[in-house]
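Below is one structure, written out as structure tokens; the observations come after it.
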Amino acid sequence: MTQIFDNPADFADEALDGFVAANRGYVARVDGGVVRSTEVPAGQVALVVGGGSGHYPAFAGLVGPGLAAASACGNMFASPAAGQVYRVAKAANAGGGVLLSYGNYAGDVLHFGQAQLRLNAEGIPTRTVLVTDDIASAPLDQIGKRRGIAGDLTVFKIAGAAAEAGLDLDDVERLAIRTNYRTRSLGVAFGGCTLPGADAPLFSVPAGQMSLGLGIHGEPGISEHPMPTASELADLLVTKLLADKPHDAGDRVVAIVNGLGTVKYDELFLLFGKIEKLLLAAGLTVVEPECGELVTSLDMSGLSLTLLWLDEELEQYWAAPADTPAFRKGNLAPRARRELAAPDETAAEATEHPTAAAADLGRQAVAVLRQVREVVVEHEEELGRLDAIAGDGDHGIGMRRGVEAAVTAAEQAVAAGASVERVLTAAGEAWSERAGGTSGALWGSAVIAAGLALGNRDSYSAGDAAAAVTAFVDAITELGKAELGDKTMVDALLPFRDAFLTAFDVGTSLPDALAAAAAAAQTAADRTADLRPLKGRARPLAEKSLGNPDPGAVSFALISERIARHLASVRAKPEPTTSDTASGAGNGAQRND
Ligand code: ADP
Ligand code: MG
């Protein structure tokens with residue numbers, strides 16, 4: 001149980017503030033995460049790691065000389081937003097370029113990927129190496145689909161040491177890729193973790209059972225087994241990892257026994273002793289092992305074993321010194337503190353001067369967003385429950401965080417006098433920034449895309465509404481690359497778009513077309529229960545998800561139904577003015593064909 005907090009929504013931020021206060025000799029707070037507070041030689045490659053919070057010492061605890069230059073820190077178990085990653089990487093860049101490295105999760109890939117595009121566009125050479133060590137999450141021939149768990153440490157450590165040694169971006173990237181390719185992990189869970197403010201764990205394991213193949217976001221394991229003895233557990237983990245070893249494996253390995261949160265060190269050591277004997281019996285030499293909490297999952301009860309098959313070059317960087325709040329090795333000369341530049345002031349908002357009609361449409365767009373907030377809040381728990389079946393249980397809370405931030409940003413925009421375009425782009429940016437996660441990135445970009453398609457006008461035509469729907473859907477498919485049948489929100493989105501465009505083609509009014517489209521989305525969302533997820537965090541637990549609809553498809557269907565109902569009710573009211581032009585986003589676009 002996570003019990004020390006004021007407001008659960010502030011948990012990650014306040015924990016990070018306290019972490020920095022306790023470690024000022026190592027880290028300084030920047031907008032979006034932390035950077036080293038000590039001098040970094042000019043031209044050194046900046047290894048920027050990151051991910052959701054709740055995994056301490058990953059990720060902020062691994063920032064310091066010989067390891068990471070900075071960490072982008074998202075909300076609890078939710079990826080940092082693209083803007084956060086971008087700002088942290090800019091603060092960390094010492095002129096040698098940036099290597100982004102993080103566990104392979106859809107939300108992180110979307111947000112870090114967008115940040116990388118932006119950094120490269122600004123002339124900061126930026127590369128990415130994903131950590132994919134979890135052998136339970138995909139077979140070896142699909143190693144690129146595996147998720148990252150405690151293997152984060154080996155990849156970060158070796159990349160960080162290579163950067164510290166002055167290697168250039170090409171070499172640091174090459175070593176990180178090789179380390180990841182030669183790292184394997186497998187974990188087991190005995191009980192799930194509880195998010196701050198939640199009254200139940202994300203999953204539970206029946207008494208006397210053990211769940212094999214855990215994720216580090218509270219995703220349950222792949223299969224359940226009777227609780228083994230320590231010797232049997234050591235044997236199971238070692239046997240499965242050795243069976244998955246890389247093709248060019250030598251006989252020197254790093255072994256890491258990692259505690260997920262509530263397994264005592266004594267138990268970890270007991271298990272480590274048995275594992276080491278098995279590795280020696282298999283003819284392997286164990287080099288500078290680790291046993292302790294390195295990548296956790298709040299108060300989850302579980303542990304994992306990681307093996308890294310070394311070669312000479314990797315061994316040199318694994319053994320190199322490092323000095324961070326949570327990971328220390330060897331001796332490094334003390335570093336001087338550095339002065340960090342004050343964070344960039346956010347550019348002053350460009351003031352818009354929309355016409356009265358355009359400003360009225362901006363207000364109507366805010367009213368639509370408030371409806372979205374209402375329906376998300378009403379269904380927050382249900383969406384969380386659905387996502388906990390095969391995902392990480394954060395879809396409800398993530399959507400809520402996103403839409404609440406979106407409404408606040410939209411209200412501020414409209415108070416400053418904004419059109420629909422400005423209202424929706426501000427809302428989408430805030431959504432992505434605050435929600436994190438996969439759905440946050442997708443909804444944020446989609447709302448921005450719809451805003452750009454609608455533009456700043458005095459009235460909207462049927463064609464504009466169709467363009468906005470198309471832009472919304474395209475943003476999600478272009479960014480997320482999911483296809484029909486992958487069991488994602490796309491399975492509700494495409495039927496929604498098709499029904500909407502068909503209704504428009506035959507001359508249906510906007511509220512009626514939206515109602516028809518929302519009904520199609522609902523049917524399609526229900527049908528996702530029959531599918532196995534092929535994208536996103538739920539993919540490794542495909543079988544568990546069977547029989548339950550996809551949370552992102554369900555939330556999209558609920559939201560579209562609410563918007564359709566809202567627009568129908570607004571339209572049913574008498575028109576406040578006689579003007580033909582003052583209607584649009586809020587009460588329905590005028591058909592002009
Ligand atoms: P996370 O998966 O990062 O925890 P959420 O739980 O908020 O994020 O959202 C999960 C939902 O995101 C899934 O139910 C699915 O509908 C949607 N999703 C995941 N990956 C994709 C993708 N590549 N394209 C479209 N939607 C996706
Ligand atoms: Mg989730």
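Chain labels A, B, ... are given in the sequence in which chains occur in the structure tokens; within each chain residues are numbered consecutively from 1, and ligands are likewise numbered from 1 in the order shown.
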
Write out as a PDB file with all heavy atoms, in the first residue's frame which residues come within 9 Å of Asp512 in chain A when counting only C-alpha atoms, dropping same-chain ones fewer than 4 positions away.
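out.pdb, freshly written:
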ATOM      1  N   ALA A 503     -22.674   9.089 -43.366  1.00  0.00           N
ATOM      2  CA  ALA A 503     -23.878   9.841 -43.010  1.00  0.00           C
ATOM      3  C   ALA A 503     -23.841  11.224 -43.655  1.00  0.00           C
ATOM      4  O   ALA A 503     -24.842  11.718 -44.174  1.00  0.00           O
ATOM      5  CB  ALA A 503     -23.978   9.961 -41.493  1.00  0.00           C
ATOM      6  N   THR A 508     -26.956  13.932 -43.943  1.00  0.00           N
ATOM      7  CA  THR A 508     -27.403  13.944 -42.540  1.00  0.00           C
ATOM      8  C   THR A 508     -26.835  15.165 -41.809  1.00  0.00           C
ATOM      9  O   THR A 508     -25.738  15.612 -42.126  1.00  0.00           O
ATOM     10  CB  THR A 508     -26.882  12.656 -41.852  1.00  0.00           C
ATOM     11  OG1 THR A 508     -27.116  11.569 -42.737  1.00  0.00           O
ATOM     12  CG2 THR A 508     -27.569  12.402 -40.525  1.00  0.00           C
ATOM     13  N   ALA A 516     -24.807   8.631 -35.305  1.00  0.00           N
ATOM     14  CA  ALA A 516     -24.636   7.363 -36.039  1.00  0.00           C
ATOM     15  C   ALA A 516     -23.207   6.860 -35.890  1.00  0.00           C
ATOM     16  O   ALA A 516     -22.952   5.663 -35.678  1.00  0.00           O
ATOM     17  CB  ALA A 516     -24.971   7.575 -37.520  1.00  0.00           C
ATOM     18  N   ALA A 517     -22.260   7.795 -35.961  1.00  0.00           N
ATOM     19  CA  ALA A 517     -20.851   7.407 -35.854  1.00  0.00           C
ATOM     20  C   ALA A 517     -20.538   6.894 -34.451  1.00  0.00           C
ATOM     21  O   ALA A 517     -19.813   5.904 -34.279  1.00  0.00           O
ATOM     22  CB  ALA A 517     -19.963   8.610 -36.193  1.00  0.00           C
ATOM     23  N   ALA A 564     -21.870  13.638 -29.218  1.00  0.00           N
ATOM     24  CA  ALA A 564     -23.043  13.606 -30.108  1.00  0.00           C
ATOM     25  C   ALA A 564     -24.285  14.083 -29.341  1.00  0.00           C
ATOM     26  O   ALA A 564     -25.075  14.895 -29.843  1.00  0.00           O
ATOM     27  CB  ALA A 564     -23.253  12.194 -30.647  1.00  0.00           C
ATOM     28  N   ALA A 568     -26.493  17.497 -30.044  1.00  0.00           N
ATOM     29  CA  ALA A 568     -27.921  17.386 -30.346  1.00  0.00           C
ATOM     30  C   ALA A 568     -28.715  18.284 -29.393  1.00  0.00           C
ATOM     31  O   ALA A 568     -29.656  18.970 -29.810  1.00  0.00           O
ATOM     32  CB  ALA A 568     -28.373  15.932 -30.221  1.00  0.00           C
TER      33      ALA A 568
END

Worksheet entry | All alpha helix (DSSP H) residues (DSSP, backbone) inside range 372-479 of chain A, as an MDAnalysis selection string | chainID A and resid 372:378 380:390 395:415 420:435 437:454 462:479

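Neighbouring residues of Lys245 in chain A at 9 Å or closer, counting only C-alpha atoms and skipping chain neighbours under 5 positions away, are Arg182, Thr183, Arg184, Leu307 and Trp309 of chain A.
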
Worksheet item: Given a cut-off of 7 Å, what residues near ligand 1 show up using only C-alpha atoms and all ligand atoms, put as a PyMOL selection string?
Response: chain A and resi 78-79+106-107+387+391-395+398-399+437-440+442+476-477+480-482+487-490+535-537+550-553

Saved selection, atoms kept: N, CA, C and O atoms, as a CSV table (one decimal), in the first residue's frame:
chain,number,residue,atom,x,y,z
A,78,ALA,N,3.5,6.3,-16.0
A,78,ALA,CA,3.1,6.9,-17.3
A,78,ALA,C,4.3,7.5,-17.9
A,78,ALA,O,5.1,8.2,-17.2
A,79,SER,N,4.5,7.3,-19.2
A,79,SER,CA,5.7,7.9,-19.8
A,79,SER,C,5.7,9.4,-19.6
A,79,SER,O,4.6,10.1,-19.6
A,106,ALA,N,4.8,1.4,-25.4
A,106,ALA,CA,4.2,2.2,-26.5
A,106,ALA,C,4.2,3.7,-26.2
A,106,ALA,O,4.6,4.5,-27.0
A,107,GLY,N,3.8,4.0,-24.9
A,107,GLY,CA,3.7,5.4,-24.6
A,107,GLY,C,5.0,6.1,-24.6
A,107,GLY,O,5.2,7.2,-25.1
A,387,ASP,N,-8.3,-1.6,-18.0
A,387,ASP,CA,-6.9,-1.5,-18.4
A,387,ASP,C,-6.0,-2.4,-17.5
A,387,ASP,O,-4.9,-2.8,-17.8
A,391,GLY,N,-3.4,-4.6,-19.1
A,391,GLY,CA,-2.5,-3.4,-19.2
A,391,GLY,C,-2.0,-3.1,-17.8
A,391,GLY,O,-1.8,-3.9,-17.0
A,392,ASP,N,-1.9,-1.8,-17.5
A,392,ASP,CA,-1.3,-1.4,-16.2
A,392,ASP,C,-2.3,-0.6,-15.4
A,392,ASP,O,-1.9,0.0,-14.3
A,393,GLY,N,-3.6,-0.6,-15.8
A,393,GLY,CA,-4.6,0.0,-14.9
A,393,GLY,C,-4.7,1.5,-14.8
A,393,GLY,O,-5.4,2.1,-14.0
A,394,ASP,N,-4.0,2.2,-15.7
A,394,ASP,CA,-3.9,3.7,-15.6
A,394,ASP,C,-4.7,4.4,-16.7
A,394,ASP,O,-4.6,5.6,-16.8
A,395,HIS,N,-5.5,3.7,-17.4
A,395,HIS,CA,-6.2,4.4,-18.5
A,395,HIS,C,-7.2,5.4,-18.0
A,395,HIS,O,-7.3,6.5,-18.5
A,398,GLY,N,-5.2,8.3,-16.4
A,398,GLY,CA,-4.5,9.0,-17.4
A,398,GLY,C,-5.4,9.9,-18.3
A,398,GLY,O,-5.1,11.1,-18.5
A,399,MET,N,-6.6,9.3,-18.7
A,399,MET,CA,-7.5,10.1,-19.5
A,399,MET,C,-8.0,11.3,-18.6
A,399,MET,O,-8.2,12.4,-19.1
A,437,GLY,N,1.6,8.6,-21.0
A,437,GLY,CA,1.0,7.3,-21.5
A,437,GLY,C,0.8,7.3,-23.0
A,437,GLY,O,0.9,8.3,-23.7
A,438,THR,N,0.4,6.2,-23.5
A,438,THR,CA,0.1,6.1,-24.9
A,438,THR,C,-1.1,6.9,-25.3
A,438,THR,O,-1.1,7.7,-26.3
A,439,SER,N,-2.2,6.7,-24.5
A,439,SER,CA,-3.4,7.4,-24.9
A,439,SER,C,-3.2,8.9,-24.8
A,439,SER,O,-3.8,9.7,-25.6
A,440,GLY,N,-2.4,9.4,-23.9
A,440,GLY,CA,-2.2,10.8,-23.8
A,440,GLY,C,-1.5,11.4,-25.0
A,440,GLY,O,-1.9,12.4,-25.5
A,442,LEU,N,-1.6,10.1,-28.0
A,442,LEU,CA,-2.5,10.0,-29.1
A,442,LEU,C,-3.6,11.0,-29.1
A,442,LEU,O,-3.9,11.7,-30.1
A,476,ILE,N,-4.0,9.8,-35.1
A,476,ILE,CA,-3.8,8.7,-34.2
A,476,ILE,C,-3.2,7.5,-35.0
A,476,ILE,O,-2.3,6.8,-34.5
A,477,THR,N,-3.6,7.3,-36.2
A,477,THR,CA,-3.0,6.1,-36.9
A,477,THR,C,-1.6,6.4,-37.4
A,477,THR,O,-0.8,5.5,-37.4
A,480,GLY,N,0.5,6.3,-33.9
A,480,GLY,CA,0.5,5.0,-33.2
A,480,GLY,C,0.7,3.8,-34.1
A,480,GLY,O,1.1,2.7,-33.6
A,481,LYS,N,0.5,4.0,-35.4
A,481,LYS,CA,0.7,2.9,-36.4
A,481,LYS,C,-0.1,1.6,-36.1
A,481,LYS,O,0.3,0.5,-36.6
A,482,ALA,N,-1.2,1.7,-35.4
A,482,ALA,CA,-2.0,0.5,-35.2
A,482,ALA,C,-2.9,0.3,-36.3
A,482,ALA,O,-3.3,1.3,-37.0
A,487,LYS,N,-6.6,-4.5,-31.7
A,487,LYS,CA,-7.2,-4.3,-30.4
A,487,LYS,C,-6.7,-3.0,-29.7
A,487,LYS,O,-6.1,-3.0,-28.7
A,488,THR,N,-6.9,-1.9,-30.4
A,488,THR,CA,-6.6,-0.6,-29.8
A,488,THR,C,-7.8,0.3,-30.1
A,488,THR,O,-8.8,-0.1,-30.7
A,489,MET,N,-7.7,1.6,-29.7
A,489,MET,CA,-8.8,2.5,-30.0
A,489,MET,C,-9.1,2.7,-31.5
A,489,MET,O,-10.2,3.1,-31.9
A,490,VAL,N,-8.1,2.3,-32.3
A,490,VAL,CA,-8.3,2.4,-33.7
A,490,VAL,C,-9.4,1.5,-34.2
A,490,VAL,O,-10.1,1.9,-35.2
A,535,LYS,N,-0.9,-4.5,-30.2
A,535,LYS,CA,-0.1,-3.3,-29.9
A,535,LYS,C,-0.3,-2.9,-28.5
A,535,LYS,O,-1.2,-3.2,-27.8
A,536,GLY,N,0.7,-2.1,-28.0
A,536,GLY,CA,0.5,-1.5,-26.7
A,536,GLY,C,0.9,-2.4,-25.6
A,536,GLY,O,1.3,-3.5,-25.8
A,537,ARG,N,0.6,-1.9,-24.4
A,537,ARG,CA,1.1,-2.5,-23.2
A,537,ARG,C,0.4,-3.8,-22.9
A,537,ARG,O,0.8,-4.7,-22.2
A,550,ASP,N,-11.2,-3.4,-25.4
A,550,ASP,CA,-10.0,-2.6,-25.2
A,550,ASP,C,-10.4,-1.3,-24.5
A,550,ASP,O,-11.3,-0.6,-25.0
A,551,PRO,N,-9.7,-0.9,-23.5
A,551,PRO,CA,-10.0,0.3,-22.7
A,551,PRO,C,-10.0,1.6,-23.6
A,551,PRO,O,-10.9,2.4,-23.4
A,552,GLY,N,-9.0,1.7,-24.5
A,552,GLY,CA,-9.0,2.9,-25.3
A,552,GLY,C,-10.1,3.0,-26.3
A,552,GLY,O,-10.6,4.1,-26.6
A,553,ALA,N,-10.6,1.8,-26.8
A,553,ALA,CA,-11.7,1.8,-27.7
A,553,ALA,C,-13.0,2.2,-26.9
A,553,ALA,O,-13.9,2.9,-27.4

Fill in: Nearby residues (only C-alpha atoms) at most 8 Å from Gly25 in chain A, same-chain spacing under 3 positions excluded, as a count of residues only
3

Counting only C-alpha atoms, what are the residues of range 173-266 of chain A within 10 Å of range 135-138 of chain A, and for each of them which pair of atoms is the nearest and at what distance in Å, to one decimal? Sort the table by chain and rising number, as JSON lines.
{"residue": "A:Thr183", "atom": "CA", "partner": "A:Ile135", "partner_atom": "CA", "distance": 9.7}
{"residue": "A:Arg184", "atom": "CA", "partner": "A:Ile135", "partner_atom": "CA", "distance": 6.3}
{"residue": "A:Ser185", "atom": "CA", "partner": "A:Ile135", "partner_atom": "CA", "distance": 6.1}
{"residue": "A:Leu186", "atom": "CA", "partner": "A:Ile135", "partner_atom": "CA", "distance": 6.0}
{"residue": "A:Gly187", "atom": "CA", "partner": "A:Ala136", "partner_atom": "CA", "distance": 8.3}
{"residue": "A:Leu212", "atom": "CA", "partner": "A:Ala136", "partner_atom": "CA", "distance": 8.1}
{"residue": "A:Gly213", "atom": "CA", "partner": "A:Ala136", "partner_atom": "CA", "distance": 5.0}
{"residue": "A:Leu214", "atom": "CA", "partner": "A:Ala136", "partner_atom": "CA", "distance": 7.9}
{"residue": "A:Gly215", "atom": "CA", "partner": "A:Ser137", "partner_atom": "CA", "distance": 8.5}
{"residue": "A:Gly221", "atom": "CA", "partner": "A:Ala136", "partner_atom": "CA", "distance": 8.6}
{"residue": "A:Ile222", "atom": "CA", "partner": "A:Ala136", "partner_atom": "CA", "distance": 7.2}
{"residue": "A:Ser223", "atom": "CA", "partner": "A:Ala136", "partner_atom": "CA", "distance": 9.8}
{"residue": "A:Lys240", "atom": "CA", "partner": "A:Ile135", "partner_atom": "CA", "distance": 8.6}
{"residue": "A:Leu241", "atom": "CA", "partner": "A:Ile135", "partner_atom": "CA", "distance": 7.7}
{"residue": "A:Asp244", "atom": "CA", "partner": "A:Ile135", "partner_atom": "CA", "distance": 7.6}

Worksheet entry | For Leu280 in chain A: contacts at 12 Å, only C-alpha atoms, fewer than 6 positions along chain excluded, given as number ranges by chain | A: 238, 251-253, 255, 273-274, 286-287

Go ahead and save the residues from that selection, with C-alpha atoms, as a PDB file, in the first residue's frame.
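And here is the file that came out, selection_11.pdb:
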ATOM      1  CA  VAL A 238      18.293 -19.676 -14.810  1.00  0.00           C
ATOM      2  CA  ASP A 251      30.960 -17.541 -20.841  1.00  0.00           C
ATOM      3  CA  ARG A 252      31.266 -14.347 -18.791  1.00  0.00           C
ATOM      4  CA  VAL A 253      27.964 -12.942 -17.515  1.00  0.00           C
ATOM      5  CA  ALA A 255      23.886 -11.479 -13.093  1.00  0.00           C
ATOM      6  CA  GLY A 273      23.376 -17.574  -3.764  1.00  0.00           C
ATOM      7  CA  LYS A 274      21.450 -20.385  -5.422  1.00  0.00           C
ATOM      8  CA  VAL A 286      29.787 -14.341 -12.895  1.00  0.00           C
ATOM      9  CA  VAL A 287      31.298 -10.859 -13.241  1.00  0.00           C
TER      10      VAL A 287
END

Discussion item. Env of Tyr86 in chain A: 7 Å cut, atoms = only C-alpha atoms, seq-sep filter 4 positions within chain, self excluded. Answer as a PyMOL selection string.
Written reply: chain A and resi 82+90+115+119

Write a file of the selected residues as a compact mmCIF listing (two decimals), in the first residue's frame, keeping all heavy atoms.
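Heads up, here's the output in selection-v2.txt:
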# COMPACT_ATOMS: atom_id res chain seq x y z
N ALA A 82 6.25 14.26 -24.47
CA ALA A 82 7.30 14.64 -25.42
C ALA A 82 7.98 15.95 -25.01
O ALA A 82 9.20 16.08 -25.08
CB ALA A 82 6.70 14.77 -26.82
N LYS A 90 17.43 18.89 -23.70
CA LYS A 90 18.11 20.16 -24.03
C LYS A 90 18.97 20.62 -22.86
O LYS A 90 20.09 21.10 -23.05
CB LYS A 90 17.06 21.24 -24.35
CG LYS A 90 16.71 21.25 -25.81
CD LYS A 90 16.06 22.52 -26.24
CE LYS A 90 17.06 23.61 -26.52
NZ LYS A 90 16.64 24.54 -27.55
N ALA A 115 10.03 13.71 -29.19
CA ALA A 115 11.10 14.59 -28.67
C ALA A 115 12.35 14.47 -29.54
O ALA A 115 13.00 15.47 -29.86
CB ALA A 115 11.42 14.23 -27.22
N LEU A 119 14.41 17.43 -31.36
CA LEU A 119 15.82 17.71 -31.04
C LEU A 119 16.67 17.66 -32.31
O LEU A 119 17.50 18.55 -32.56
CB LEU A 119 16.35 16.69 -30.02
CG LEU A 119 15.74 16.82 -28.61
CD1 LEU A 119 15.94 15.53 -27.81
CD2 LEU A 119 16.36 18.01 -27.86

Discussion item. If we count only C-alpha atoms and set the cut-off at 6 Å, which residues sit around Arg147 in chain A, ignoring sequence neighbours fewer than 6 positions away in its own chain? Please answer as a list in words.
Written reply: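 Neighbouring residues, sequence-local ones excluded: Asn104, Thr132 and Asp134 of chain A.
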
Practice prompt. Within range 114-347 of chain A, find each residue whose DSSP state, derived from the backbone, is strand (DSSP E or B), and express the selection as number ranges by chain.
Written response: A: 126-131, 134, 183-191, 209-212, 223-226, 252-259, 261, 285-286, 290-292, 300-309, 322-323, 328-329, 337

Worksheet, complete the sentence: The distance between CA of Trp431 in chain A and CA of Asn75 in chain A is 13.1 Å

Worksheet item: With only C-alpha atoms as the atoms that count, which of A:Asp141, A:Glu288, A:Asp6, A:Glu313 lies nearest to Ala159 in chain A?
Response: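 Of the candidates, the smallest distance to Ala159 in chain A is held by A:Glu313.
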
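Nearest residue to ligand 2, choosing from A:Pro65, A:Ala538, A:Arg335, A:Ala449 and counting only C-alpha atoms and all ligand atoms: A:Ala538.
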
Item to complete: Have a look at A:Ala409, A:Ala462, A:Arg434, A:Leu242 and name the one nearest to Gly32 in chain A; count only C-alpha atoms.
Response: A:Arg434

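CA of Glu378 in chain A is positioned 27.3 Å from CA of Thr470 in chain A.
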
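Comparing A:Val407, A:Ile389, A:Leu237, A:Val420 by their smallest distance to ligand 2, the closest is A:Ile389 (using only C-alpha atoms and all ligand atoms).
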